[in-house]
Each structure stands twice: as structure tokens, then as C-alpha cells.
>>> print(open('run39.txt').read())   # compact mmCIF, N, CA and C atoms
# COMPACT_ATOMS: atom_id res chain seq x y z
N MET A 1 0.84 -1.19 0.00
CA MET A 1 0.00 0.00 0.00
C MET A 1 0.87 1.25 0.00
N ALA A 2 0.27 2.33 -0.45
CA ALA A 2 1.00 3.59 -0.51
C ALA A 2 0.10 4.73 -0.05
N SER A 3 0.73 5.81 0.32
CA SER A 3 0.02 7.01 0.76
C SER A 3 0.51 8.19 -0.07
N LEU A 4 -0.42 8.94 -0.65
CA LEU A 4 -0.07 10.12 -1.43
C LEU A 4 -0.98 11.28 -1.04
N LYS A 5 -0.34 12.39 -0.69
CA LYS A 5 -1.07 13.63 -0.41
C LYS A 5 -0.55 14.69 -1.37
N ILE A 6 -1.48 15.44 -1.95
CA ILE A 6 -1.12 16.51 -2.89
C ILE A 6 -1.62 17.82 -2.32
N GLU A 7 -0.72 18.80 -2.22
CA GLU A 7 -1.08 20.11 -1.71
C GLU A 7 -0.99 21.14 -2.84
N LEU A 8 -2.06 21.89 -3.02
CA LEU A 8 -2.10 23.00 -3.97
C LEU A 8 -1.51 24.22 -3.28
N LEU A 9 -0.50 24.84 -3.90
CA LEU A 9 0.18 25.96 -3.26
C LEU A 9 -0.12 27.32 -3.90
N GLU A 10 0.12 27.42 -5.21
CA GLU A 10 0.00 28.74 -5.86
C GLU A 10 -0.08 28.57 -7.37
N ALA A 11 -0.35 29.67 -8.05
CA ALA A 11 -0.36 29.67 -9.51
C ALA A 11 0.23 30.97 -10.02
N LYS A 12 0.80 30.90 -11.20
CA LYS A 12 1.27 32.08 -11.92
C LYS A 12 0.59 32.01 -13.29
N LEU A 13 -0.45 32.82 -13.45
CA LEU A 13 -1.26 32.79 -14.67
C LEU A 13 -0.88 33.96 -15.57
N THR A 14 -0.99 33.77 -16.87
CA THR A 14 -0.55 34.81 -17.81
C THR A 14 -1.71 35.61 -18.38
N CYS A 15 -2.94 35.27 -18.02
CA CYS A 15 -4.07 36.03 -18.55
C CYS A 15 -5.03 36.37 -17.41
N ASN A 16 -5.87 37.36 -17.66
CA ASN A 16 -6.90 37.74 -16.70
C ASN A 16 -8.23 37.69 -17.44
N LEU A 17 -9.06 36.70 -17.12
CA LEU A 17 -10.34 36.55 -17.79
C LEU A 17 -11.40 37.52 -17.29
N ASP A 18 -11.15 38.14 -16.16
CA ASP A 18 -12.12 39.07 -15.59
C ASP A 18 -11.58 40.49 -15.77
N VAL A 19 -12.04 41.18 -16.78
CA VAL A 19 -11.48 42.50 -17.11
C VAL A 19 -11.90 43.58 -16.13
N ALA A 20 -13.03 43.41 -15.44
CA ALA A 20 -13.51 44.44 -14.52
C ALA A 20 -12.82 44.39 -13.15
N THR A 21 -12.52 43.17 -12.68
CA THR A 21 -11.90 43.01 -11.37
C THR A 21 -10.84 41.93 -11.44
N LYS A 22 -10.27 41.60 -10.28
CA LYS A 22 -9.31 40.50 -10.23
C LYS A 22 -10.03 39.17 -10.43
N MET A 23 -9.33 38.25 -11.08
CA MET A 23 -9.89 36.91 -11.24
C MET A 23 -10.04 36.25 -9.88
N GLU A 24 -10.98 35.33 -9.81
CA GLU A 24 -11.22 34.54 -8.61
C GLU A 24 -11.01 33.07 -8.97
N PRO A 25 -9.74 32.63 -9.03
CA PRO A 25 -9.46 31.28 -9.51
C PRO A 25 -9.67 30.19 -8.45
N TYR A 26 -9.93 28.99 -8.98
CA TYR A 26 -9.92 27.78 -8.17
C TYR A 26 -9.41 26.65 -9.06
N VAL A 27 -9.04 25.54 -8.44
CA VAL A 27 -8.44 24.42 -9.17
C VAL A 27 -9.23 23.15 -8.91
N ILE A 28 -9.39 22.37 -9.98
CA ILE A 28 -10.03 21.06 -9.89
C ILE A 28 -8.99 20.01 -10.30
N ILE A 29 -8.88 18.95 -9.50
CA ILE A 29 -8.08 17.78 -9.88
C ILE A 29 -9.09 16.66 -10.12
N ARG A 30 -9.16 16.20 -11.37
CA ARG A 30 -10.13 15.19 -11.75
C ARG A 30 -9.41 13.87 -12.02
N THR A 31 -9.79 12.84 -11.26
CA THR A 31 -9.25 11.50 -11.46
C THR A 31 -10.35 10.62 -12.06
N PRO A 32 -10.03 9.39 -12.44
CA PRO A 32 -11.09 8.50 -12.94
C PRO A 32 -12.14 8.17 -11.88
N PHE A 33 -11.82 8.41 -10.60
CA PHE A 33 -12.70 7.99 -9.52
C PHE A 33 -13.38 9.12 -8.77
N GLN A 34 -12.78 10.29 -8.75
CA GLN A 34 -13.38 11.41 -8.03
C GLN A 34 -12.77 12.73 -8.45
N GLU A 35 -13.32 13.80 -7.89
CA GLU A 35 -12.87 15.14 -8.22
C GLU A 35 -12.54 15.88 -6.92
N TYR A 36 -11.40 16.55 -6.91
CA TYR A 36 -11.00 17.39 -5.78
C TYR A 36 -11.11 18.84 -6.24
N ARG A 37 -11.72 19.71 -5.43
CA ARG A 37 -11.89 21.11 -5.81
C ARG A 37 -11.36 22.00 -4.70
N SER A 38 -10.55 22.97 -5.08
CA SER A 38 -10.02 23.91 -4.09
C SER A 38 -11.06 24.96 -3.74
N LYS A 39 -10.77 25.72 -2.72
CA LYS A 39 -11.57 26.90 -2.42
C LYS A 39 -11.29 27.93 -3.50
N THR A 40 -12.24 28.80 -3.73
CA THR A 40 -12.06 29.91 -4.66
C THR A 40 -11.20 30.96 -3.96
N ASN A 41 -10.17 31.44 -4.65
CA ASN A 41 -9.33 32.50 -4.11
C ASN A 41 -9.91 33.82 -4.59
N ALA A 42 -10.73 34.45 -3.74
CA ALA A 42 -11.51 35.63 -4.12
C ALA A 42 -10.67 36.82 -4.57
N ALA A 43 -9.45 36.93 -4.11
CA ALA A 43 -8.60 38.06 -4.50
C ALA A 43 -7.33 37.58 -5.18
N GLY A 44 -7.38 36.39 -5.73
CA GLY A 44 -6.17 35.76 -6.27
C GLY A 44 -5.58 36.42 -7.49
N GLY A 45 -6.42 36.89 -8.40
CA GLY A 45 -5.90 37.48 -9.62
C GLY A 45 -5.05 36.50 -10.40
N LYS A 46 -3.98 37.02 -11.00
CA LYS A 46 -3.10 36.17 -11.80
C LYS A 46 -2.08 35.41 -10.95
N PHE A 47 -1.99 35.74 -9.65
CA PHE A 47 -0.99 35.12 -8.78
C PHE A 47 -1.63 34.61 -7.48
N PRO A 48 -2.60 33.70 -7.58
CA PRO A 48 -3.27 33.22 -6.37
C PRO A 48 -2.37 32.31 -5.53
N ILE A 49 -2.62 32.36 -4.23
CA ILE A 49 -1.94 31.49 -3.27
C ILE A 49 -3.02 30.81 -2.45
N TRP A 50 -2.87 29.50 -2.27
CA TRP A 50 -3.83 28.74 -1.47
C TRP A 50 -3.14 28.22 -0.22
N THR A 51 -3.89 28.10 0.86
CA THR A 51 -3.38 27.49 2.09
C THR A 51 -4.36 26.38 2.51
N ASN A 52 -3.83 25.37 3.12
CA ASN A 52 -4.63 24.25 3.64
C ASN A 52 -5.47 23.56 2.56
N GLU A 53 -4.92 23.46 1.37
CA GLU A 53 -5.58 22.73 0.28
C GLU A 53 -4.79 21.45 0.04
N VAL A 54 -5.04 20.44 0.87
CA VAL A 54 -4.33 19.16 0.81
C VAL A 54 -5.34 18.06 0.51
N TYR A 55 -5.01 17.22 -0.47
CA TYR A 55 -5.91 16.16 -0.89
C TYR A 55 -5.23 14.81 -0.68
N ALA A 56 -5.88 13.94 0.08
CA ALA A 56 -5.38 12.58 0.31
C ALA A 56 -5.92 11.71 -0.83
N VAL A 57 -5.02 11.26 -1.65
CA VAL A 57 -5.38 10.48 -2.83
C VAL A 57 -5.62 9.03 -2.44
N GLN A 58 -6.69 8.46 -2.96
CA GLN A 58 -7.01 7.07 -2.66
C GLN A 58 -6.05 6.14 -3.38
N GLU A 59 -5.79 5.00 -2.76
CA GLU A 59 -4.85 4.00 -3.31
C GLU A 59 -5.19 3.65 -4.76
N ARG A 60 -6.45 3.49 -5.08
CA ARG A 60 -6.85 3.08 -6.43
C ARG A 60 -6.56 4.16 -7.48
N GLU A 61 -6.30 5.40 -7.06
CA GLU A 61 -6.01 6.48 -7.99
C GLU A 61 -4.53 6.58 -8.38
N LEU A 62 -3.67 5.90 -7.64
CA LEU A 62 -2.24 5.97 -7.90
C LEU A 62 -1.93 5.44 -9.29
N GLY A 63 -1.13 6.17 -10.04
CA GLY A 63 -0.73 5.75 -11.37
C GLY A 63 -1.74 6.03 -12.47
N THR A 64 -2.88 6.65 -12.13
CA THR A 64 -3.90 6.93 -13.14
C THR A 64 -3.64 8.28 -13.82
N ASP A 65 -4.23 8.46 -14.98
CA ASP A 65 -4.16 9.75 -15.66
C ASP A 65 -5.16 10.69 -15.00
N ILE A 66 -4.73 11.94 -14.79
CA ILE A 66 -5.60 12.92 -14.15
C ILE A 66 -5.62 14.20 -14.98
N GLN A 67 -6.62 15.01 -14.71
CA GLN A 67 -6.73 16.31 -15.36
C GLN A 67 -6.71 17.38 -14.28
N ILE A 68 -5.88 18.40 -14.49
CA ILE A 68 -5.82 19.55 -13.59
C ILE A 68 -6.42 20.72 -14.35
N ILE A 69 -7.43 21.34 -13.76
CA ILE A 69 -8.15 22.41 -14.43
C ILE A 69 -8.15 23.65 -13.53
N CYS A 70 -7.73 24.78 -14.08
CA CYS A 70 -7.79 26.04 -13.36
C CYS A 70 -9.00 26.80 -13.89
N MET A 71 -9.88 27.21 -12.99
CA MET A 71 -11.12 27.87 -13.36
C MET A 71 -11.19 29.28 -12.78
N GLU A 72 -11.99 30.11 -13.40
CA GLU A 72 -12.28 31.46 -12.92
C GLU A 72 -13.74 31.45 -12.49
N GLU A 73 -13.99 31.80 -11.22
CA GLU A 73 -15.36 31.85 -10.74
C GLU A 73 -15.95 33.20 -11.09
N ASP A 74 -16.94 33.18 -11.92
CA ASP A 74 -17.62 34.38 -12.39
C ASP A 74 -18.99 34.41 -11.73
N SER A 75 -19.59 35.58 -11.59
CA SER A 75 -20.90 35.66 -10.95
C SER A 75 -21.98 34.93 -11.76
N LEU A 76 -21.80 34.82 -13.06
CA LEU A 76 -22.79 34.16 -13.90
C LEU A 76 -22.46 32.69 -14.17
N SER A 77 -21.17 32.38 -14.31
CA SER A 77 -20.76 31.02 -14.61
C SER A 77 -19.28 30.85 -14.30
N ALA A 78 -18.80 29.64 -14.46
CA ALA A 78 -17.37 29.37 -14.28
C ALA A 78 -16.72 29.30 -15.65
N LEU A 79 -15.54 29.89 -15.76
CA LEU A 79 -14.80 29.88 -17.03
C LEU A 79 -13.49 29.14 -16.84
N GLU A 80 -13.15 28.29 -17.80
CA GLU A 80 -11.88 27.57 -17.72
C GLU A 80 -10.74 28.49 -18.14
N ILE A 81 -9.72 28.59 -17.28
CA ILE A 81 -8.52 29.35 -17.60
C ILE A 81 -7.58 28.48 -18.42
N GLY A 82 -7.37 27.25 -17.98
CA GLY A 82 -6.49 26.32 -18.67
C GLY A 82 -6.46 25.00 -17.95
N SER A 83 -5.86 23.99 -18.60
CA SER A 83 -5.82 22.67 -17.99
C SER A 83 -4.57 21.91 -18.44
N ALA A 84 -4.32 20.83 -17.75
CA ALA A 84 -3.20 19.94 -18.08
C ALA A 84 -3.63 18.51 -17.80
N ASN A 85 -3.14 17.58 -18.60
CA ASN A 85 -3.36 16.16 -18.38
C ASN A 85 -2.01 15.53 -18.04
N ILE A 86 -1.94 14.90 -16.87
CA ILE A 86 -0.70 14.26 -16.44
C ILE A 86 -1.04 12.91 -15.81
N ASN A 87 -0.01 12.15 -15.51
CA ASN A 87 -0.20 10.90 -14.79
C ASN A 87 0.09 11.15 -13.32
N MET A 88 -0.72 10.55 -12.45
CA MET A 88 -0.55 10.72 -11.01
C MET A 88 0.86 10.34 -10.55
N SER A 89 1.54 9.48 -11.31
CA SER A 89 2.88 9.04 -10.94
C SER A 89 3.88 10.20 -10.87
N GLU A 90 3.56 11.33 -11.52
CA GLU A 90 4.44 12.50 -11.43
C GLU A 90 4.54 13.02 -10.00
N PHE A 91 3.53 12.72 -9.17
CA PHE A 91 3.56 13.12 -7.76
C PHE A 91 4.12 12.02 -6.87
N GLN A 92 4.39 10.83 -7.42
CA GLN A 92 4.81 9.67 -6.65
C GLN A 92 6.31 9.41 -6.78
N GLN A 93 7.11 10.42 -6.86
CA GLN A 93 8.56 10.27 -7.02
C GLN A 93 9.25 10.47 -5.68
N GLY A 94 10.11 9.53 -5.33
CA GLY A 94 10.84 9.62 -4.05
C GLY A 94 9.85 9.68 -2.89
N THR A 95 10.06 10.66 -2.01
CA THR A 95 9.13 10.87 -0.90
C THR A 95 8.14 11.99 -1.21
N GLY A 96 8.17 12.47 -2.46
CA GLY A 96 7.28 13.55 -2.88
C GLY A 96 8.04 14.58 -3.69
N VAL A 97 7.30 15.47 -4.31
CA VAL A 97 7.92 16.48 -5.18
C VAL A 97 7.29 17.84 -4.93
N ASP A 98 8.02 18.86 -5.34
CA ASP A 98 7.53 20.24 -5.39
C ASP A 98 7.54 20.55 -6.88
N LYS A 99 6.38 20.67 -7.49
CA LYS A 99 6.30 20.65 -8.95
C LYS A 99 5.38 21.73 -9.49
N TRP A 100 5.83 22.38 -10.56
CA TRP A 100 5.00 23.32 -11.32
C TRP A 100 4.43 22.57 -12.51
N ILE A 101 3.11 22.65 -12.70
CA ILE A 101 2.43 22.01 -13.83
C ILE A 101 1.95 23.12 -14.76
N GLU A 102 2.37 23.05 -16.02
CA GLU A 102 1.97 24.06 -17.01
C GLU A 102 0.56 23.75 -17.51
N ILE A 103 -0.28 24.80 -17.58
CA ILE A 103 -1.64 24.63 -18.07
C ILE A 103 -1.79 25.31 -19.44
N PHE A 104 -2.70 24.77 -20.25
CA PHE A 104 -2.89 25.24 -21.62
C PHE A 104 -4.37 25.42 -21.92
N MET A 105 -4.65 26.29 -22.89
CA MET A 105 -5.99 26.42 -23.47
C MET A 105 -5.79 26.59 -24.97
N ASN A 106 -6.38 25.69 -25.74
CA ASN A 106 -6.25 25.71 -27.20
C ASN A 106 -4.79 25.74 -27.66
N GLY A 107 -3.94 24.97 -26.99
CA GLY A 107 -2.54 24.85 -27.36
C GLY A 107 -1.65 25.99 -26.89
N LYS A 108 -2.21 26.98 -26.21
CA LYS A 108 -1.44 28.13 -25.74
C LYS A 108 -1.21 28.02 -24.23
N SER A 109 0.04 28.21 -23.80
CA SER A 109 0.36 28.18 -22.37
C SER A 109 -0.28 29.37 -21.68
N LEU A 110 -1.01 29.10 -20.58
CA LEU A 110 -1.66 30.18 -19.84
C LEU A 110 -1.18 30.26 -18.39
N GLY A 111 -0.06 29.60 -18.10
CA GLY A 111 0.51 29.72 -16.77
C GLY A 111 0.91 28.38 -16.19
N ASN A 112 1.22 28.42 -14.89
CA ASN A 112 1.68 27.24 -14.16
C ASN A 112 1.02 27.20 -12.80
N ILE A 113 0.79 25.98 -12.33
CA ILE A 113 0.23 25.77 -10.99
C ILE A 113 1.23 24.93 -10.20
N ARG A 114 1.49 25.35 -8.97
CA ARG A 114 2.48 24.67 -8.14
C ARG A 114 1.80 23.75 -7.13
N PHE A 115 2.30 22.51 -7.07
CA PHE A 115 1.83 21.52 -6.13
C PHE A 115 3.02 20.96 -5.36
N LYS A 116 2.73 20.47 -4.17
CA LYS A 116 3.74 19.75 -3.38
C LYS A 116 3.09 18.43 -2.96
N SER A 117 3.82 17.34 -3.17
CA SER A 117 3.26 16.04 -2.79
C SER A 117 4.10 15.39 -1.70
N THR A 118 3.46 14.51 -0.96
CA THR A 118 4.11 13.67 0.04
C THR A 118 3.72 12.24 -0.30
N TYR A 119 4.73 11.40 -0.53
CA TYR A 119 4.48 10.03 -0.96
C TYR A 119 5.25 9.06 -0.09
N SER A 120 4.57 7.99 0.31
CA SER A 120 5.27 6.95 1.09
C SER A 120 4.60 5.60 0.86
N LEU A 121 5.43 4.57 0.93
CA LEU A 121 4.93 3.20 0.91
C LEU A 121 4.69 2.81 2.35
N LEU A 122 3.53 2.25 2.64
CA LEU A 122 3.19 1.86 4.00
C LEU A 122 3.70 0.46 4.28
N ALA A 123 4.32 0.29 5.43
CA ALA A 123 4.77 -1.04 5.86
C ALA A 123 3.58 -1.89 6.20
N ASP A 124 3.75 -3.20 6.17
CA ASP A 124 2.63 -4.12 6.47
C ASP A 124 1.99 -3.82 7.82
N SER A 125 2.78 -3.44 8.82
CA SER A 125 2.23 -3.14 10.15
C SER A 125 1.34 -1.90 10.12
N GLU A 126 1.61 -0.96 9.20
CA GLU A 126 0.81 0.25 9.10
C GLU A 126 -0.51 0.00 8.37
N LYS A 127 -0.56 -1.01 7.52
CA LYS A 127 -1.77 -1.33 6.76
C LYS A 127 -2.92 -1.77 7.65
N ILE A 128 -2.58 -2.39 8.77
CA ILE A 128 -3.59 -2.95 9.68
C ILE A 128 -4.31 -1.85 10.45
N LYS A 129 -3.65 -0.74 10.70
CA LYS A 129 -4.22 0.33 11.53
C LYS A 129 -5.45 0.93 10.92
>>> encode(input="run39.txt", output="C-alpha cells")
Amino acid sequence: MASLKIELLEAKLTCNLDVATKMEPYVIIRTPFQEYRSKTNAAGGKFPIWTNEVYAVQERELGTDIQIICMEEDSLSALEIGSANINMSEFQQGTGVDKWIEIFMNGKSLGNIRFKSTYSLLADSEKIK
């Protein structure tokens, strides 16, 4: 068995979809089994920072392809800023990684999102707990 936690830290976006005010971004991590959604960063703009956004990934999700989507929360609807498709194994290196994931929309880079992961293999004695 293994344990993987992914923490959403910050983003550096190259566009502002909300011309009247600062963007209010949030992030979705979509796996084949479930979806993780961050809180909306109401004053995030192009450089949002998140705190306490940690997701405990289920064992069955390890090694699967996932989609990371950065969204802008609008008063009328949600708009996609950009997305990336990666394999969960990118977060399962060593004891974890500090990684920037580049997001795209229509083939154009629209920024990067930073994640930090913690990965460990559980010993047989820990599986019983």
C-alpha cells in the first residue's frame, strides 16, 4: 500500500479573464474515480496562493491519468482558464515532489500551478491500523 497527499500551493497565470476586477481562480483535480476542488481564491488574480488545500489520494487512484483544471469563478458562470493532463505518478517520485504544472488552453500556455506532494509506501504493520 501507498500514501499520497497533494497540496495545492499557488499559480502564476498569464491572462486575466475578468477585465472588470481581479480573477477569482480555483483548481479542480479530476481522477477517474473522483474530483478534488479547491476553495475559490476571491482576491487571487493572476498570482493566487492557497493554504490548507491538501488532498489525500485514494490508493486506487495511484498511477492513473488525471486532469488539472484552473477555473475562474464568475458571478454568472465558471470559465476555464487552462488545464493539463498528467499521470498521477508525477507526484509519486521519491518521498514527494515540489512541482509546477503548465496549463494550456487551445494549445497556448496560460501559466503554471504549483503543487507539493508527500508520498510513502506503508509497511505491512501500518496497513492494519
>>> atom_distance(input="run39.txt", atom1="CA of Leu13 (chain A)", atom2="atom N of Thr31 (chain A)")
22.0 Å
>>> closest_residue(input="run39.txt", among="A:Leu4, A:Met105, A:Leu121, A:Val27", to="Cys70 (chain A)", atoms="all atoms listed in the file")
A:Val27
>>> atom_distance(input="run39.txt", atom1="CA of Lys39 (chain A)", atom2="atom N of Lys12 (chain A)")
15.7 Å
>>> residues_around(input="run39.txt", residues="Glu73 (chain A)", least_positions_apart="5", cutoff="8 Å", atoms="only N, CA and C atoms", output="short mmCIF file (atom, residue, chain, number, x, y, z; two decimals) with N, CA and C atoms, in the coordinates of the input")
data_model
loop_
_atom_site.label_atom_id
_atom_site.label_comp_id
_atom_site.auth_asym_id
_atom_site.auth_seq_id
_atom_site.Cartn_x
_atom_site.Cartn_y
_atom_site.Cartn_z
N MET A 23 -9.33 38.25 -11.08
CA MET A 23 -9.89 36.91 -11.24
C MET A 23 -10.04 36.25 -9.88
N GLU A 24 -10.98 35.33 -9.81
CA GLU A 24 -11.22 34.54 -8.61
C GLU A 24 -11.01 33.07 -8.97
N PRO A 25 -9.74 32.63 -9.03
CA PRO A 25 -9.46 31.28 -9.51
C PRO A 25 -9.67 30.19 -8.45
N TYR A 26 -9.93 28.99 -8.98
CA TYR A 26 -9.92 27.78 -8.17
C TYR A 26 -9.41 26.65 -9.06
N THR A 40 -12.24 28.80 -3.73
CA THR A 40 -12.06 29.91 -4.66
C THR A 40 -11.20 30.96 -3.96
N ASN A 41 -10.17 31.44 -4.65
CA ASN A 41 -9.33 32.50 -4.11
C ASN A 41 -9.91 33.82 -4.59
N ALA A 78 -18.80 29.64 -14.46
CA ALA A 78 -17.37 29.37 -14.28
C ALA A 78 -16.72 29.30 -15.65
N LEU A 79 -15.54 29.89 -15.76
CA LEU A 79 -14.80 29.88 -17.03
C LEU A 79 -13.49 29.14 -16.84
N GLU A 80 -13.15 28.29 -17.80
CA GLU A 80 -11.88 27.57 -17.72
C GLU A 80 -10.74 28.49 -18.14
#
>>> select_by_dssp(input="run39.txt", residues="chain A", states="strand (DSSP E)", output="PyMOL selection string")
chain A and resi 2-13+25-30+35-37+54-57+65-73+78-87+98-105+108-121
>>> residues_around(input="run39.txt", residues="Trp100 (chain A)", least_positions_apart="6", cutoff="6 Å", atoms="all atoms listed in the file", output="list in words")
Asn112, Ile113, Arg114 and Phe115 of chain A
>>> closest_residue(input="run39.txt", among="A:Gly94, A:Glu53, A:Gly45, A:Ser120", to="Asn16 (chain A)", atoms="all atoms listed in the file")
A:Gly45
>>> closest_residue(input="run39.txt", among="A:Asp98, A:Glu10, A:Glu90, A:Asp65", to="Asn52 (chain A)", atoms="only C-alpha atoms")
A:Glu10
>>> residues_around(input="run39.txt", residues="Phe91 (chain A)", least_positions_apart="5", cutoff="10 Å", atoms="only C-alpha atoms", output="list in words")
Leu4, Lys5, Ile6, Leu62, Gly63, Ile86, Gly96, Val97, Asp98, Lys99, Phe115, Lys116, Ser117, Thr118 and Tyr119 of chain A
>>> atom_distance(input="run39.txt", atom1="atom N of Arg30 (chain A)", atom2="atom C of Ile68 (chain A)")
6.1 Å
>>> residues_around(input="run39.txt", residues="Ser83 (chain A)", least_positions_apart="4", cutoff="8 Å", atoms="all atoms listed in the file", output="mmCIF file with N, CA and C atoms, in the coordinates of the input")
data_model
loop_
_atom_site.group_PDB
_atom_site.id
_atom_site.type_symbol
_atom_site.label_atom_id
_atom_site.label_comp_id
_atom_site.auth_asym_id
_atom_site.auth_seq_id
_atom_site.Cartn_x
_atom_site.Cartn_y
_atom_site.Cartn_z
ATOM 1 N N GLN A 67 -6.620 15.010 -14.710
ATOM 2 C CA GLN A 67 -6.730 16.310 -15.360
ATOM 3 C C GLN A 67 -6.710 17.380 -14.280
ATOM 4 N N ILE A 68 -5.880 18.400 -14.490
ATOM 5 C CA ILE A 68 -5.820 19.550 -13.590
ATOM 6 C C ILE A 68 -6.420 20.720 -14.350
ATOM 7 N N ILE A 69 -7.430 21.340 -13.760
ATOM 8 C CA ILE A 69 -8.150 22.410 -14.430
ATOM 9 C C ILE A 69 -8.150 23.650 -13.530
ATOM 10 N N CYS A 70 -7.730 24.780 -14.080
ATOM 11 C CA CYS A 70 -7.790 26.040 -13.360
ATOM 12 C C CYS A 70 -9.000 26.800 -13.890
ATOM 13 N N MET A 71 -9.880 27.210 -12.990
ATOM 14 C CA MET A 71 -11.120 27.870 -13.360
ATOM 15 C C MET A 71 -11.190 29.280 -12.780
ATOM 16 N N ILE A 101 3.110 22.650 -12.700
ATOM 17 C CA ILE A 101 2.430 22.010 -13.830
ATOM 18 C C ILE A 101 1.950 23.120 -14.760
ATOM 19 N N GLU A 102 2.370 23.050 -16.020
ATOM 20 C CA GLU A 102 1.970 24.060 -17.010
ATOM 21 C C GLU A 102 0.560 23.750 -17.510
ATOM 22 N N ILE A 103 -0.280 24.800 -17.580
ATOM 23 C CA ILE A 103 -1.640 24.630 -18.070
ATOM 24 C C ILE A 103 -1.790 25.310 -19.440
ATOM 25 N N PHE A 104 -2.700 24.770 -20.250
ATOM 26 C CA PHE A 104 -2.890 25.240 -21.620
ATOM 27 C C PHE A 104 -4.370 25.420 -21.920
ATOM 28 N N MET A 105 -4.650 26.290 -22.890
ATOM 29 C CA MET A 105 -5.990 26.420 -23.470
ATOM 30 C C MET A 105 -5.790 26.590 -24.970
ATOM 31 N N ASN A 106 -6.380 25.690 -25.740
ATOM 32 C CA ASN A 106 -6.250 25.710 -27.200
ATOM 33 C C ASN A 106 -4.790 25.740 -27.660
ATOM 34 N N LEU A 110 -1.010 29.100 -20.580
ATOM 35 C CA LEU A 110 -1.660 30.180 -19.840
ATOM 36 C C LEU A 110 -1.180 30.260 -18.390
#
>>> closest_residue(input="run39.txt", among="A:Trp50, A:Gln34, A:Cys15, A:Glu61", to="Ile81 (chain A)", atoms="only N, CA and C atoms")
A:Cys15
>>> select_by_dssp(input="run39.txt", residues="chain A", states="helix (DSSP H, G or I)", output="MDAnalysis selection string")
chainID A and resid 59:61 88:91 124:127
>>> closest_residue(input="run39.txt", among="A:Asn87, A:Glu72, A:Glu59, A:Ile66", to="Ala2 (chain A)", atoms="only C-alpha atoms")
A:Glu59
>>> closest_residue(input="run39.txt", among="A:Leu8, A:Thr14, A:Arg60, A:Lys22", to="Ser38 (chain A)", atoms="all atoms listed in the file")
A:Leu8
